[in-house]
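Shown next: work-v1.pdb, containing PDB, C-alpha atoms.
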ATOM      1  CA  MET A   8      29.376  11.417  73.014
ATOM      2  CA  LEU A   9      30.956   9.592  75.931
ATOM      3  CA  SER A  10      33.993  11.836  75.737
ATOM      4  CA  SER A  11      31.838  14.773  76.794
ATOM      5  CA  LEU A  12      31.920  13.297  80.308
ATOM      6  CA  LEU A  13      34.880  14.545  82.321
ATOM      7  CA  PRO A  14      37.240  11.609  83.008
ATOM      8  CA  HIS A  15      38.996  11.116  86.338
ATOM      9  CA  CYS A  16      42.610  10.427  85.446
ATOM     10  CA  LEU A  17      45.751   9.718  87.403
ATOM     11  CA  VAL A  18      49.431   9.485  86.520
ATOM     12  CA  LEU A  19      50.594   8.736  82.981
ATOM     13  CA  ALA A  20      53.939   7.786  81.559
ATOM     14  CA  ALA A  21      55.328   7.319  78.052
ATOM     15  CA  LEU A  22      54.285   7.041  74.411
ATOM     16  CA  TYR A  23      50.542   6.448  74.863
ATOM     17  CA  THR A  24      48.150   7.278  77.663
ATOM     18  CA  LEU A  25      44.765   5.792  78.548
ATOM     19  CA  CYS A  26      42.216   7.405  80.856
ATOM     20  CA  SER A  27      38.836   5.995  81.650
ATOM     21  CA  ILE A  28      35.333   7.391  81.845
ATOM     22  CA  PRO A  29      32.181   6.003  83.467
ATOM     23  CA  LEU A  30      30.422   3.563  81.178
ATOM     24  CA  VAL A  31      27.125   4.711  79.701
ATOM     25  CA  GLN A  32      25.561   1.621  78.185
ATOM     26  CA  ASN A  33      23.761   1.886  74.846
ATOM     27  CA  TYR A  34      25.142   5.390  74.247
ATOM     28  CA  ILE A  35      26.077   6.176  70.626
ATOM     29  CA  ALA A  36      29.528   7.807  70.711
ATOM     30  CA  ALA A  37      31.540   9.719  68.077
ATOM     31  CA  CYS A  38      32.220   6.793  65.736
ATOM     32  CA  GLY A  39      28.550   5.836  65.637
ATOM     33  CA  CYS A  40      29.212   2.242  66.696
ATOM     34  CA  THR A  41      26.069   0.336  67.619
ATOM     35  CA  ALA A  42      24.576   0.622  71.104
ATOM     36  CA  ALA A  43      25.349  -3.049  71.691
ATOM     37  CA  SER A  44      29.085  -2.330  71.397
ATOM     38  CA  THR A  45      28.952  -0.635  74.806
ATOM     39  CA  HIS A  46      28.288  -4.035  76.390
ATOM     40  CA  TYR A  47      31.882  -4.979  75.560
ATOM     41  CA  PRO A  48      35.305  -3.368  76.300
ATOM     42  CA  THR A  49      35.544  -0.031  74.459
ATOM     43  CA  VAL A  50      37.751   3.069  74.527
ATOM     44  CA  ALA A  51      37.887   6.643  73.279
ATOM     45  CA  MET A  52      41.082   7.744  71.488
ATOM     46  CA  SER A  53      42.721  11.153  71.801
ATOM     47  CA  GLN A  54      41.982  13.507  68.929
ATOM     48  CA  MET A  55      45.375  13.582  67.210
ATOM     49  CA  ALA A  56      45.596   9.774  67.029
ATOM     50  CA  PHE A  57      41.862   9.459  66.335
ATOM     51  CA  GLY A  58      42.406  11.527  63.192
ATOM     52  CA  SER A  59      39.504  13.959  63.443
ATOM     53  CA  SER A  60      38.225  16.691  65.756
ATOM     54  CA  THR A  61      34.596  15.629  65.449
ATOM     55  CA  ALA A  62      32.481  12.647  64.408
ATOM     56  CA  TYR A  63      34.440   9.704  62.989
ATOM     57  CA  GLY A  64      38.134   9.299  62.194
ATOM     58  CA  PRO A  65      40.661   6.611  61.124
ATOM     59  CA  GLY A  66      40.834   5.371  64.717
ATOM     60  CA  CYS A  67      37.215   4.214  64.738
ATOM     61  CA  GLY A  68      36.743   0.483  65.157
ATOM     62  CA  ARG A  69      40.397  -0.386  65.822
ATOM     63  CA  CYS A  70      41.189  -3.016  68.486
ATOM     64  CA  PHE A  71      44.113  -3.303  70.896
ATOM     65  CA  LYS A  72      45.184  -6.066  73.294
ATOM     66  CA  LEU A  73      46.430  -4.964  76.705
ATOM     67  CA  THR A  74      48.196  -7.301  79.146
ATOM     68  CA  LEU A  75      48.852  -6.330  82.769
ATOM     69  CA  LEU A  76      52.521  -6.685  83.756
ATOM     70  CA  ASN A  77      53.181  -4.800  87.008
ATOM     71  CA  THR A  78      52.175  -1.670  88.902
ATOM     72  CA  PHE A  79      53.821   1.615  88.021
ATOM     73  CA  THR A  80      53.676   3.829  91.121
ATOM     74  CA  SER A  81      53.545   1.433  94.093
ATOM     75  CA  ASP A  82      56.667   0.846  96.166
ATOM     76  CA  PRO A  83      57.719  -1.862  95.656
ATOM     77  CA  PRO A  84      56.096  -2.657  92.292
ATOM     78  CA  PHE A  85      53.459  -5.394  92.409
ATOM     79  CA  PHE A  86      53.900  -8.292  89.966
ATOM     80  CA  PRO A  87      50.718 -10.409  89.764
ATOM     81  CA  ASP A  88      50.998 -14.183  89.532
ATOM     82  CA  VAL A  89      48.769 -14.157  86.443
ATOM     83  CA  ASN A  90      49.158 -11.625  83.622
ATOM     84  CA  LYS A  91      45.603 -10.819  82.545
ATOM     85  CA  SER A  92      44.773  -9.443  79.084
ATOM     86  CA  LEU A  93      41.941  -7.389  77.614
ATOM     87  CA  VAL A  94      41.058  -6.510  74.016
ATOM     88  CA  VAL A  95      39.371  -3.119  73.584
ATOM     89  CA  LYS A  96      37.709  -1.426  70.602
ATOM     90  CA  VAL A  97      37.894   2.293  69.737
ATOM     91  CA  THR A  98      34.358   3.712  69.569
ATOM     92  CA  ASP A  99      34.771   7.348  70.592
ATOM     93  CA  LEU A 100      36.833  10.533  70.299
ATOM     94  CA  CYS A 101      38.531  12.238  73.229
ATOM     95  CA  PRO A 102      38.837  15.829  71.944
ATOM     96  CA  THR A 103      41.812  18.130  72.332
ATOM     97  CA  GLY A 104      41.304  20.969  74.765
ATOM     98  CA  GLY A 105      42.914  22.608  77.775
ATOM     99  CA  ASN A 106      45.653  20.666  79.523
ATOM    100  CA  GLY A 107      43.886  17.328  79.949
ATOM    101  CA  TRP A 108      44.987  13.843  79.054
ATOM    102  CA  CYS A 109      43.717  14.195  75.484
ATOM    103  CA  SER A 110      45.174  17.678  74.997
ATOM    104  CA  ALA A 111      48.229  16.691  72.920
ATOM    105  CA  THR A 112      48.814  18.508  69.643
ATOM    106  CA  SER A 113      51.581  18.160  67.097
ATOM    107  CA  ASP A 114      53.818  20.415  69.204
ATOM    108  CA  LYS A 115      52.490  19.911  72.747
ATOM    109  CA  ALA A 116      52.317  16.741  74.826
ATOM    110  CA  ASN A 117      49.534  15.966  77.289
ATOM    111  CA  LEU A 118      49.811  16.033  81.102
ATOM    112  CA  GLY A 119      51.865  12.848  81.044
ATOM    113  CA  GLY A 120      54.311  14.285  78.507
ATOM    114  CA  GLU A 121      52.920  12.044  75.778
ATOM    115  CA  PHE A 122      50.954  12.421  72.551
ATOM    116  CA  ILE A 123      48.357   9.615  72.495
ATOM    117  CA  ASN A 124      45.651   8.803  75.038
ATOM    118  CA  PHE A 125      42.932   6.172  75.352
ATOM    119  CA  ASP A 126      39.865   6.484  77.615
ATOM    120  CA  LEU A 127      38.558   3.115  78.788
ATOM    121  CA  ALA A 128      34.836   2.795  79.506
ATOM    122  CA  TRP A 129      35.053   1.417  83.041
ATOM    123  CA  PRO A 130      33.582  -0.098  85.119
ATOM    124  CA  SER A 131      31.900  -2.348  82.589
ATOM    125  CA  PRO A 132      29.914  -5.603  82.807
ATOM    126  CA  ALA A 133      32.261  -6.896  80.101
ATOM    127  CA  ILE A 134      35.308  -6.476  82.371
ATOM    128  CA  PRO A 135      35.429  -8.556  85.575
ATOM    129  CA  ASP A 136      35.522  -6.573  88.816
ATOM    130  CA  ASP A 137      38.697  -8.438  89.770
ATOM    131  CA  PHE A 138      40.469  -7.821  86.443
ATOM    132  CA  PHE A 139      43.030  -5.607  88.184
ATOM    133  CA  PRO A 140      44.889  -7.747  90.758
ATOM    134  CA  SER A 141      45.762  -6.417  94.197
ATOM    135  CA  ASN A 142      47.509  -7.337  97.449
ATOM    136  CA  VAL A 143      45.700  -5.446 100.185
ATOM    137  CA  SER A 144      47.395  -7.363 103.008
ATOM    138  CA  PHE A 145      50.825  -6.082 101.877
ATOM    139  CA  TYR A 146      50.084  -2.616 100.466
ATOM    140  CA  GLY A 147      47.078  -1.664 102.560
ATOM    141  CA  TYR A 148      44.991  -0.681  99.519
ATOM    142  CA  ALA A 149      43.566  -2.361  96.414
ATOM    143  CA  ASP A 150      43.714   0.430  93.812
ATOM    144  CA  PHE A 151      47.286   0.726  92.503
ATOM    145  CA  GLY A 152      46.398   3.497  90.077
ATOM    146  CA  VAL A 153      49.015   2.793  87.400
ATOM    147  CA  TRP A 154      49.978  -0.434  85.645
ATOM    148  CA  ASN A 155      52.658  -1.354  83.128
ATOM    149  CA  VAL A 156      51.124  -3.470  80.400
ATOM    150  CA  SER A 157      52.115  -4.954  77.066
ATOM    151  CA  TYR A 158      50.270  -3.597  74.039
ATOM    152  CA  GLU A 159      49.433  -5.083  70.652
ATOM    153  CA  ALA A 160      47.210  -3.993  67.755
ATOM    154  CA  VAL A 161      44.946  -6.961  66.973
ATOM    155  CA  SER A 162      42.113  -8.045  64.698
ATOM    156  CA  CYS A 163      38.764  -7.198  66.244
ATOM    157  CA  LEU A 164      37.067 -10.227  64.739
ATOM    158  CA  GLN A 165      39.659 -12.531  66.251
ATOM    159  CA  GLY A 166      40.146 -10.920  69.647
ATOM    160  CA  TRP A 167      37.353  -8.551  70.734
ATOM    161  CA  ALA A 168      34.559 -10.122  72.802
ATOM    162  CA  GLY A 169      31.894  -8.159  70.945
ATOM    163  CA  ALA A 170      32.883  -9.750  67.634
ATOM    164  CA  ARG A 171      30.770 -12.776  68.517
ATOM    165  CA  GLN A 172      27.626 -10.614  68.529
ATOM    166  CA  ASN A 173      26.534  -9.174  65.189
ATOM    167  CA  ALA A 174      24.553  -6.477  67.001
ATOM    168  CA  ALA A 175      27.794  -5.111  68.491
ATOM    169  CA  LEU A 176      29.489  -4.698  65.106
ATOM    170  CA  GLY A 177      29.239  -1.913  62.559
ATOM    171  CA  SER A 178      27.555   1.497  62.673
ATOM    172  CA  VAL A 179      24.097   2.676  63.629
ATOM    173  CA  ASP A 180      21.746   3.412  60.747
ATOM    174  CA  ASP A 181      20.153   6.657  61.858
ATOM    175  CA  GLY A 182      21.127   9.008  59.057
ATOM    176  CA  SER A 183      23.901  10.704  61.039
ATOM    177  CA  SER A 184      27.606  10.945  60.151
ATOM    178  CA  VAL A 185      28.944   7.625  61.429
ATOM    179  CA  CYS A 186      31.713   5.168  60.575
ATOM    180  CA  CYS A 187      32.515   2.150  62.741
ATOM    181  CA  PRO A 188      34.067  -0.733  60.757
ATOM    182  CA  ALA A 189      33.809  -4.203  62.265
ATOM    183  CA  ASP A 190      37.506  -4.906  61.716
ATOM    184  CA  PRO A 191      39.496  -2.062  60.090
ATOM    185  CA  THR A 192      42.971  -2.896  58.816
ATOM    186  CA  GLY A 193      44.174   0.509  57.642
ATOM    187  CA  ASN A 194      43.181  -0.093  54.031
ATOM    188  CA  VAL A 195      41.003   2.585  52.439
ATOM    189  CA  ASN A 196      38.223   0.044  51.833
ATOM    190  CA  ASP A 197      37.732  -0.868  55.498
ATOM    191  CA  THR A 198      39.032   2.133  57.477
ATOM    192  CA  CYS A 199      37.215   5.380  58.235
ATOM    193  CA  PRO A 200      38.391   8.633  56.638
ATOM    194  CA  SER A 201      38.720  11.799  58.721
ATOM    195  CA  TYR A 202      35.411  13.615  59.098
ATOM    196  CA  SER A 203      37.345  16.827  59.762
ATOM    197  CA  ASP A 204      39.367  16.487  56.568
ATOM    198  CA  GLN A 205      36.255  15.691  54.546
ATOM    199  CA  ASN A 206      34.412  18.737  55.854
ATOM    200  CA  GLY A 207      37.242  21.262  56.135
ATOM    201  CA  ILE A 208      37.129  21.345  59.941
ATOM    202  CA  PRO A 209      40.535  22.267  61.461
ATOM    203  CA  TYR A 210      42.270  19.967  63.909
ATOM    204  CA  HIS A 211      45.850  19.209  64.936
ATOM    205  CA  HIS A 212      46.671  16.594  62.328
ATOM    206  CA  GLU A 213      50.295  17.340  61.486
ATOM    207  CA  LEU A 214      51.459  14.478  63.692
ATOM    208  CA  GLY A 215      48.213  12.540  63.667
ATOM    209  CA  PRO A 216      48.432  10.615  60.385
ATOM    210  CA  SER A 217      51.972   9.390  61.052
ATOM    211  CA  ILE A 218      51.037   8.261  64.570
ATOM    212  CA  THR A 219      47.821   6.572  63.522
ATOM    213  CA  HIS A 220      49.552   4.788  60.651
ATOM    214  CA  TRP A 221      52.162   3.425  63.046
ATOM    215  CA  ILE A 222      49.739   2.483  65.797
ATOM    216  CA  TYR A 223      47.358   0.722  63.410
ATOM    217  CA  THR A 224      49.988  -1.320  61.597
ATOM    218  CA  ILE A 225      52.320  -2.257  64.447
ATOM    219  CA  SER A 226      52.485  -6.004  65.086
ATOM    220  CA  SER A 227      55.177  -6.186  67.758
ATOM    221  CA  ARG A 228      54.389  -5.627  71.423
ATOM    222  CA  VAL A 229      55.524  -2.570  73.332
ATOM    223  CA  VAL A 230      55.135  -1.624  76.988
ATOM    224  CA  ILE A 231      52.456   0.824  78.065
ATOM    225  CA  THR A 232      51.222   2.017  81.436
ATOM    226  CA  VAL A 233      47.654   1.763  82.702
ATOM    227  CA  CYS A 234      46.257   3.985  85.450
ATOM    228  CA  VAL A 235      43.182   2.905  87.375
ATOM    229  CA  GLY A 236      41.437   5.660  89.307
ATOM    230  CA  THR A 237      39.852   5.170  92.711
ATOM    231  CA  SER A 238      36.421   5.699  91.206
ATOM    232  CA  GLY A 239      36.933   2.897  88.741
ATOM    233  CA  LEU A 240      38.370   5.041  85.969
ATOM    234  CA  LEU A 241      41.329   3.903  83.960
ATOM    235  CA  ASP A 242      44.363   5.647  82.457
ATOM    236  CA  MET A 243      46.741   3.967  80.072
ATOM    237  CA  ILE A 244      50.084   4.979  78.699
ATOM    238  CA  SER A 245      52.563   3.138  76.555
ATOM    239  CA  LEU A 246      56.290   3.252  77.137
TER     240      LEU A 246
END
Step by step, read the file and then write its structure as structure tokens.
Amino acid sequence: MLSSLLPHCLVLAALYTLCSIPLVQNYIAACGCTAASTHYPTVAMSQMAFGSSTAYGPGCGRCFKLTLLNTFTSDPPFFPDVNKSLVVKVTDLCPTGGNGWCSATSDKANLGGEFINFDLAWPSPAIPDDFFPSNVSFYGYADFGVWNVSYEAVSCLQGWAGARQNAALGSVDDGSSVCCPADPTGNVNDTCPSYSDQNGIPYHHELGPSITHWIYTISSRVVITVCVGTSGLLDMISL
């Protein structure tokens, strides 16, 4: 899966975190979403929020809208003239382990002191190279590393770019254990169960179900922080 690649992550802050990993197009990740989905903005979700320690989980297929607000670590903060937005789809699992960004358990936060992390597949042909604004003449560099953004759970069919391509929706049909709904809502009929729960595989789920229920049903916007690494990798955290 994509999450087997080691992500390069920077600073995180608050309730959710998002790291990024190099994009591998046409790769079938943990959820088993189609290869065509990798041609559009996608993310991996940390294990506890994902809802499983292997294969698919309740996080598979969910979509989130992110809007850039201002930089997090630069001094002074940079406020772009235009607040750009991006809708991403969860296609992969970022497993718990060690002290990394996806290492949170029910009683231990990750490196940023938080419990949820997203890994953005970046760079990507679906995301413009200039998506992250900069002001090199003032700061002397283009990569700010961390951004504050607004966050909103959204309908994939209404907001995700891949929704316009049938080939990018649903799961692969290769006989493996996959589950990638086109537009999950949290209802049992359109949302993946936990592969770990179904197969008796242990994982840190004590806090997971309550977090995933909240994150999937929230309709109001909250602030999160996005970190963009110098190698084009992205970290995101919500405040």
Selection result of the PyMOL selection byres ((chain A and resi 77) around 7) on this file, as a list in words = Leu75, Leu76, Thr78, Phe79, Pro84, Phe85, Phe86, Pro87, Trp154 and Asn155 of chain A
Give the answer as one residue: which of A:Pro191, A:Gly107, A:Pro200, A:Pro209 has the shortest atom-to-atom distance to Gly64 in chain A, using all atoms listed in the file?
->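 Of the candidates, the smallest distance to Gly64 in chain A is held by A:Pro200.
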Given all atoms listed in the file as the counted atoms, nearest of A:Leu100, A:Ala189, A:Ile208, A:Val161 to Lys72 in chain A |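 Using all atoms listed in the file, the shortest distance to Lys72 in chain A belongs to A:Val161.
Atom to atom, CA of Pro140 in chain A and CA of Leu93 in chain A stand 13.5 Å apart.
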Rank nothing, just name the residue among A:Asn124, A:Asp180, A:Asn117, A:Asn142 nearest to Gly105 in chain A, using all atoms listed in the file.
->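 Looking only at the distances to Gly105 in chain A, the closest residue turns out to be A:Asn117.
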Using all atoms listed in the file, determine which residues lie at most 7 Å from Phe71 in chain A, disregarding the query and same-chain residues fewer than 3 positions distant; provide the list as number ranges by chain.
-> A: 94-96, 158-161
Between A:Ala42, A:Ile35, A:Ala128, A:Cys199, which has the minimum distance to Gly58 in chain A (counting only C-alpha atoms)?
->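 Checking each of A:Ala42, A:Ile35, A:Ala128, A:Cys199 against Gly58 in chain A, counting only C-alpha atoms, the winner is A:Cys199.
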Written as a ChimeraX atom specification, what is the full residue list that the PyMOL selection byres ((chain A and resi 172) around 12) yields on the file shown?
-> /A:41-47,163-164,167-171,173-177,189
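The interatomic distance for the pair CA of Cys70 in chain A and CA of Ala37 in chain A works out to 16.0 Å.
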Picked residues, the PyMOL selection byres ((chain A and resi 91) around 8), expected as a list of chain:residue names =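 Evaluating the PyMOL selection byres ((chain A and resi 91) around 8) on this file yields A:Thr74, A:Leu75, A:Val89, A:Asn90, A:Ser92, A:Leu93, A:Phe138.
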Work out how far CA of Phe125 in chain A is from CA of Met52 in chain A, in Å to one decimal.
-> 4.6 Å
Taking into account only C-alpha atoms, which residue in the set A:Gly166, A:Leu73, A:Val31, A:Pro65 is nearest to Thr198 in chain A?
->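 Of the candidates, the smallest distance to Thr198 in chain A is held by A:Pro65.
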Your completed range 91-102 of chain A with N, CA, C and O atoms, as a JSON list (two decimals), in the coordinates of the input:
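The resulting file, out-v8.json, is shown below:
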[["chain", "number", "residue", "atom", "x", "y", "z"],
["A", 91, "LYS", "N", 46.89, -10.87, 83.23],
["A", 91, "LYS", "CA", 45.60, -10.82, 82.54],
["A", 91, "LYS", "C", 45.64, -9.90, 81.33],
["A", 91, "LYS", "O", 46.37, -8.91, 81.31],
["A", 92, "SER", "N", 44.83, -10.23, 80.31],
["A", 92, "SER", "CA", 44.77, -9.44, 79.08],
["A", 92, "SER", "C", 43.35, -9.00, 78.79],
["A", 92, "SER", "O", 42.38, -9.61, 79.25],
["A", 93, "LEU", "N", 43.24, -7.93, 78.00],
["A", 93, "LEU", "CA", 41.94, -7.39, 77.61],
["A", 93, "LEU", "C", 42.06, -6.79, 76.22],
["A", 93, "LEU", "O", 43.00, -6.06, 75.93],
["A", 94, "VAL", "N", 41.10, -7.11, 75.35],
["A", 94, "VAL", "CA", 41.06, -6.51, 74.02],
["A", 94, "VAL", "C", 39.96, -5.46, 74.00],
["A", 94, "VAL", "O", 38.81, -5.73, 74.37],
["A", 95, "VAL", "N", 40.31, -4.24, 73.59],
["A", 95, "VAL", "CA", 39.37, -3.12, 73.58],
["A", 95, "VAL", "C", 39.18, -2.61, 72.16],
["A", 95, "VAL", "O", 40.04, -2.79, 71.30],
["A", 96, "LYS", "N", 38.04, -1.97, 71.92],
["A", 96, "LYS", "CA", 37.71, -1.43, 70.60],
["A", 96, "LYS", "C", 37.50, 0.08, 70.70],
["A", 96, "LYS", "O", 36.83, 0.56, 71.63],
["A", 97, "VAL", "N", 38.05, 0.84, 69.76],
["A", 97, "VAL", "CA", 37.89, 2.29, 69.74],
["A", 97, "VAL", "C", 36.52, 2.64, 69.18],
["A", 97, "VAL", "O", 36.19, 2.30, 68.04],
["A", 98, "THR", "N", 35.70, 3.32, 70.00],
["A", 98, "THR", "CA", 34.36, 3.71, 69.57],
["A", 98, "THR", "C", 34.10, 5.21, 69.70],
["A", 98, "THR", "O", 33.05, 5.69, 69.28],
["A", 99, "ASP", "N", 35.05, 5.95, 70.28],
["A", 99, "ASP", "CA", 34.77, 7.35, 70.59],
["A", 99, "ASP", "C", 36.01, 8.21, 70.44],
["A", 99, "ASP", "O", 37.14, 7.71, 70.39],
["A", 100, "LEU", "N", 35.79, 9.51, 70.39],
["A", 100, "LEU", "CA", 36.83, 10.53, 70.30],
["A", 100, "LEU", "C", 36.99, 11.22, 71.64],
["A", 100, "LEU", "O", 36.01, 11.57, 72.29],
["A", 101, "CYS", "N", 38.23, 11.41, 72.06],
["A", 101, "CYS", "CA", 38.53, 12.24, 73.23],
["A", 101, "CYS", "C", 39.15, 13.52, 72.69],
["A", 101, "CYS", "O", 40.31, 13.52, 72.25],
["A", 102, "PRO", "N", 38.39, 14.63, 72.65],
["A", 102, "PRO", "CA", 38.84, 15.83, 71.94],
["A", 102, "PRO", "C", 39.96, 16.58, 72.64],
["A", 102, "PRO", "O", 40.10, 16.57, 73.86]]
